[in-house]
Structures are given as C-alpha cells and as structure tokens.
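Presented below is the structure to which this report refers.
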Amino acid sequence: YPDVMDKLVSLCKRRGFIFQSSEIYGGTGSVWDYGPLGVELKKNIKDRWWNAMVRSRDDIEGLDAAILMHPRTWEASGHVAGFVDPLVDCKTCKGRFRADKLEDAKCPQKPSKQPGQHDACALTEARQFNLMFKTHMGALEESASIVYLRPETAQGIFVNFLNVQQSMRQKVPFGIAQIGKAFRNEITPGNFIFRTREFEQMEMQFFVEPGTDMEWFEQWKALRMQWHLDLGLSPERLEFHQHSAGELAHYARAAFDVTFDFGGTLGFQEIEGVHNRGDFDLTQHQTFSSKKLEYFDQVGNKRYVPYVIETSVGADRVTLAALVNAYREEAVEGEAEGRVVLGLNPAIAPIKAAIFPLTKKDGQPEMAQAIMKELRGSFTVDYDESGSIGKRYRRQDEVGTPFCITVDGQSTGDQTVTVRNRDTLAQDRVDASQLKAYLQAKLG
Ligand code: ATP
C-alpha cells in the first residue's frame, strides 16, 4: 500500500480533524489536538468499542478510574523498575535515540546516516530511561509527593477488581472495561498519531478461573479481530502477530497483537494487544497492598486469584488506521480533476449527511435548512450553500460524508430531494418526509 501519511496529516489539518498541539508556539512534541471532525470520528470509534464491550454484554462492567493513582500502584505493576527504554545521547548533535532502535533513527546532522555511523557522532553509553511522566501531588515538591501520570489504564481496573465484582454481584468469568488517557514519555514518538506522548486507550480485563484462560484467550482474539473488521478495516490489511518467547513480557502466558498495514515503510504495526497475563497483576497488588484480591467461587466452594485476559487498543491508533484505510484518490468520469475520498464506514463518519440548496433563491435555502434542523435530532449534519454543487460534493467526499442531500427546483414543488451516495455516486430521489427513515436504513 502507498504511504499516505503526509497527505493525511495535511488533510486532517485543513479539514478540522487533527491539529498539532500548541501550534502557535511552535507545537508540542508528538502531542495532537482533535478538531471538530476528528473529535466526532474518534468518539464514534470509542462509542462502538463501548457498545460492543460493555453495553451489549452482561458479563462486562464499565469503569472510569482516575489518571493519578497511589504511587505504590506503579511499584506493584512493575512500571517503576521496568517500564524503561535504553537511551543513548549524541554528545555532538544532542540527538537522543533508543539504543535498540538505532537502525530506524536518523542522525540530525547527517540525516542520510544512522546515529553513530559517521565521525561527528559521539554516542554515550546506553542508560535506562523510565517512560512514566512524574509530577508532584500537594504543595511540597519532595520525593514523598511524587505521583505519575498513568502509562496505561489497566491498573485502575486491577485495583478496583473487588469493588466492581462485589458492587455489581458479578461472578467469574467477567470483565471490566474502560476508556481513558494514558501518558508515555516516548523517546521515539512519531508517525502522526501512531505513537504520541499523550493518548487514549480502550482496555478490558477479563477475569477467569485458572485453567480456563487459554480458551478465553482464543475467544477474545477472535472477537477483537472481528471488531476491527466490522469497523471497516480491510481484511487484507489486518494480521495477527504472535509474540515469540523472547518478546513475551515475563509474566505473560501468551500474547498476540492485531496488526494493521499502514502502508509505505511503516507497514504492519500493532494496533491492539491481546494478552494472557495470568495472575501476575492481582497477585502483585495483593502483595503490595496487603489486601486479599481473591474471588470466592460459591458453587465450587473454592477461593482463587483469577487469571486475566486483557484486550488493549489505542483509540488514536485505530483512528489513524481507519483514516489510512479510508483515504483514496480517484478519477471521476467526465471530469478533469479527480477526487479525494475518505471511504469511512458510514457508522463512524463524522458527518452523516450534508444538505445543500442548489441555488440561494426560490425558497431552496429555507427548505434545506428545515431539513437540516429536522435531521439534526438524529444525525450529525452539515449545511452548505457556498460554491458550485460540484465543489460542495468534493468537500464532503474529502471528509467522508456518506450522503449529500440536494434541494433543487423540483423540491419546493413536489417535496422530493436527491440523495447522493459518496461511494457509488448514484443519486436517489427521496420524499423529504422519508429522509430520516432512508438514512436510518442506510446507516444501520
Ligand atoms: P508500541 O510498542 O507500539 O509503542 P506497546 O506494545 O508499548 O506499543 P501496549 O503497552 O501493549 O503497547 O499498549 C496497548 C495499545 O495502546 C497499543 O496497541 C497501541 O494501540 C496503544 N499505544 C501504546 N502506546 C502508544 C503511544 N505512545 N501512542 C499511541 N498509542 C499507543
């Protein structure tokens, strides 16, 4: 697949999807802001995940845990000691690189070379760099007041395991899901919103009886792959990647990534991880908090620390995958200029329908606005009366709007309008009073 990243970055800025954070000050490194259309797109993706994981199942409960947690959490989880990357600095050009990823890095002084490959480079010894952002709680800036911005949402779920299980009277197997921000001081962020320092995760931890874990692992693997397919990602761009023994975290019993082909040199990259974490997390928190985190199985009359199957997906990374997957440039019959289309699954498109009066007279704007107001209760809609109708279609194609509704000379008489399909370019004549039902049927 071609590399469309630069084109997407520019489209996303121009059309209000994604802006560089604090751009007027020169930008913040690898932090991005979602604009009016981007926030809708990402929200639609998060809502789909929430509906699939929480609302449509009675064995998964939702949670929204705080970003700041007790610092002992991160000792128990292993992040204080182990959430590190090996880092080297260049004493001459002041570049900073991951020692294990030098082959992917460019020397700032001589971008055609890898750091360390030319004479001017003087690399330091590798040192361990912790990726957690540190800050202070309360008025005193002393070590006792250090807290971390969470580098993953999962720990908020583990520490609430018993709160949720008992308050909701859940029986194992059951899961807890949440969507929230996570922060990592990545040494080599980049590729737009692929790897950033502030991002959003959608994580679910499923608690199961030891011995049933691999069965559940297989089930979650299949369910999560299907979710990405239903989102509209092309089957040929999706693949599982199994972690080899060397890649597995020391506590993990099995791990598969769902990978997506981002095209160009980036190619297949992880968008989601499905992990069998065994009883590592709950056992660690038991030890560090001295609180029992066991489940009592009344039927089997036994007590145990459940195993955890985790599914962890980045909301931003999936948003990027959806954008990359959707971006296409195509020729249009009978027109000199082609068009750019975001062929997004209509269910996640930021705007579902755009309404245009063909001309600015003869009562057409009034009728178009009345339609817009009526549809607004059910869908995200846009109203546009400026420029030629062809230009207006192109503007909507470029942001992925699946339907364009045009009020023309005939409409004010017989109360029908045309509805143009983004992908087929086919136009249906539809009764204005039937528009809501028509769109509902098409959007599912
Ligand atoms: P990578 O090595 O690609 O940075 P990871 O293996 O550290 O990712 P996990 O800790 O398993 O990732 O996190 C689960 C998911 O969270 C990833 O699949 C990804 O979608 C998302 N994610 C992790 N780090 C980032 C980041 N820096 N920016 C955006 N999304 C991220």
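Note on naming: chains are A, B, ... as they come in the structure tokens, residues start from 1 per chain, ligands start from 1 in the order shown.
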Report the residues of stretch 39-192 of chain A whose backbone DSSP state falls under strand (DSSP E or B), written as a PyMOL selection string.
chain A and resi 60-62+68+84-90+96-98+123+127-130+133-136+146-149+174-183+190
Can you work out which residues are within 6 Å of ligand 1, considering only C-alpha atoms and all ligand atoms, and then hand them over as an MDAnalysis selection string?
chainID A and resid 184 194:197 199 201 270:273 312:314 317
Residue with the minimum atom-to-atom distance to A:Asp297, picked from A:Met5, A:Val208, A:Ala66, A:Val164 with only C-alpha atoms counted, is A:Val208
12 Å contact set for A:Thr212, only C-alpha atoms, chain neighbours under 3 positions out, as a list in words:
Val172, Pro173, Phe206, Phe207, Val208, Glu209, Glu215, Trp216, Phe217, Glu218, Gln219, Asn276, Gly278, Pro306, Tyr307, Val308 and Ile309 of chain A
Could you dump the residues just selected with C-alpha atoms as a PDB file, in the first residue's frame?
ATOM      1  CA  VAL A 172     -16.081 -15.023  37.397  1.00  0.00           C
ATOM      2  CA  PRO A 173     -15.761 -15.081  34.420  1.00  0.00           C
ATOM      3  CA  PHE A 206     -11.442 -10.289  31.720  1.00  0.00           C
ATOM      4  CA  PHE A 207     -11.119 -12.284  34.952  1.00  0.00           C
ATOM      5  CA  VAL A 208     -11.289 -16.056  34.556  1.00  0.00           C
ATOM      6  CA  GLU A 209     -10.709 -19.208  36.539  1.00  0.00           C
ATOM      7  CA  GLU A 215      -9.986 -20.891  25.979  1.00  0.00           C
ATOM      8  CA  TRP A 216     -10.953 -17.327  26.823  1.00  0.00           C
ATOM      9  CA  PHE A 217      -7.782 -16.017  25.230  1.00  0.00           C
ATOM     10  CA  GLU A 218      -8.754 -17.625  21.907  1.00  0.00           C
ATOM     11  CA  GLN A 219     -12.285 -16.260  22.188  1.00  0.00           C
ATOM     12  CA  ASN A 276      -2.970 -13.645  28.847  1.00  0.00           C
ATOM     13  CA  GLY A 278      -2.064 -14.972  34.313  1.00  0.00           C
ATOM     14  CA  PRO A 306      -8.347 -15.092  38.867  1.00  0.00           C
ATOM     15  CA  TYR A 307      -6.252 -15.040  35.705  1.00  0.00           C
ATOM     16  CA  VAL A 308      -6.621 -12.061  33.401  1.00  0.00           C
ATOM     17  CA  ILE A 309      -7.135 -11.937  29.654  1.00  0.00           C
TER      18      ILE A 309
END
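Take the candidates A:Val54, A:Leu149, A:Leu102, A:Leu293 and check each one against A:Met132 using only C-alpha atoms; the shortest distance goes to A:Leu149.
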Within 9 Å of stretch 326-334 of chain A, counting only C-alpha atoms, which residues qualify if same-chain residues fewer than 3 places away don't, as an MDAnalysis selection string?
chainID A and resid 4 8 232:233 321:323 337:345 398 400
Take the residues from that selection and put them in a file with C-alpha atoms, as a PDB file, in the first residue's frame.
ATOM      1  CA  VAL A   4      -0.488   8.312   2.539  1.00  0.00           C
ATOM      2  CA  LEU A   8      -3.428  12.644   5.648  1.00  0.00           C
ATOM      3  CA  GLY A 232     -14.332  -1.284   8.158  1.00  0.00           C
ATOM      4  CA  LEU A 233     -10.602  -2.062   8.163  1.00  0.00           C
ATOM      5  CA  ALA A 321      -5.816   3.046  10.883  1.00  0.00           C
ATOM      6  CA  ALA A 322      -9.389   3.991   9.925  1.00  0.00           C
ATOM      7  CA  LEU A 323      -8.146   7.166   8.198  1.00  0.00           C
ATOM      8  CA  GLU A 337      -9.918  16.730 -11.776  1.00  0.00           C
ATOM      9  CA  GLY A 338     -10.160  13.598  -9.697  1.00  0.00           C
ATOM     10  CA  ARG A 339     -11.441  13.489  -6.168  1.00  0.00           C
ATOM     11  CA  VAL A 340     -10.102  12.636  -2.735  1.00  0.00           C
ATOM     12  CA  VAL A 341     -12.443  10.425  -0.740  1.00  0.00           C
ATOM     13  CA  LEU A 342     -12.395   9.229   2.838  1.00  0.00           C
ATOM     14  CA  GLY A 343     -14.290   5.996   2.340  1.00  0.00           C
ATOM     15  CA  LEU A 344     -15.000   5.610   6.071  1.00  0.00           C
ATOM     16  CA  ASN A 345     -17.563   3.145   7.308  1.00  0.00           C
ATOM     17  CA  GLU A 398     -12.881  14.555   1.413  1.00  0.00           C
ATOM     18  CA  GLY A 400     -16.065  11.046   4.374  1.00  0.00           C
TER      19      GLY A 400
END
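Non-sequential neighbours of A:Thr188 (distance at most 12 Å, separation of 3 or more positions within a chain, only C-alpha atoms) are Gly29, Ser30, Asp85, Pro86, Leu87, Val88, Gly95, Arg96, Phe97, Arg98, Ala99, Asp100, Lys101, Leu102, Asp104, Ala105, Lys106, Leu131, Arg184, Asn185, Asn191, Phe192, Phe194, Arg195, Thr196 and Arg197 of chain A.
For the choices A:Arg253, A:Lys352, A:Arg237, A:Arg55, the atom-to-atom distance to A:Lys442 is smallest for A:Lys352 when using only C-alpha atoms.
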Residue contacts of A:Thr412 (8 Å, only C-alpha atoms) excluding same-chain residues fewer than 5 positions away, as a count of residues only
4
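The spacing separating atom CA of A:Met225 from atom CA of A:Phe240 amounts to 8.4 Å.
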Which neighbours of A:Glu236 fall inside 12 Å, counting only C-alpha atoms, when residues of the same chain fewer than 3 positions from it are skipped, and could you give them as a list of chain:residue names?
A:Tyr1, A:His228, A:Leu229, A:Gly232, A:Leu233, A:Glu239, A:Phe240, A:Thr259, A:Phe260, A:Asp261, A:Phe262, A:Gly263, A:Phe268, A:Asn325
Can you measure atom CA of A:Gln396 to atom CA of A:Trp227 for me? One decimal in Å is fine.
26.5 Å
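Among the candidates A:Glu103, A:Glu141, A:Asp58, A:Glu310, the one nearest to A:Gln117 when counting only C-alpha atoms is A:Glu103.
As for atom CA of A:Phe17 and atom CA of A:Ala349, they are spaced 11.5 Å apart.
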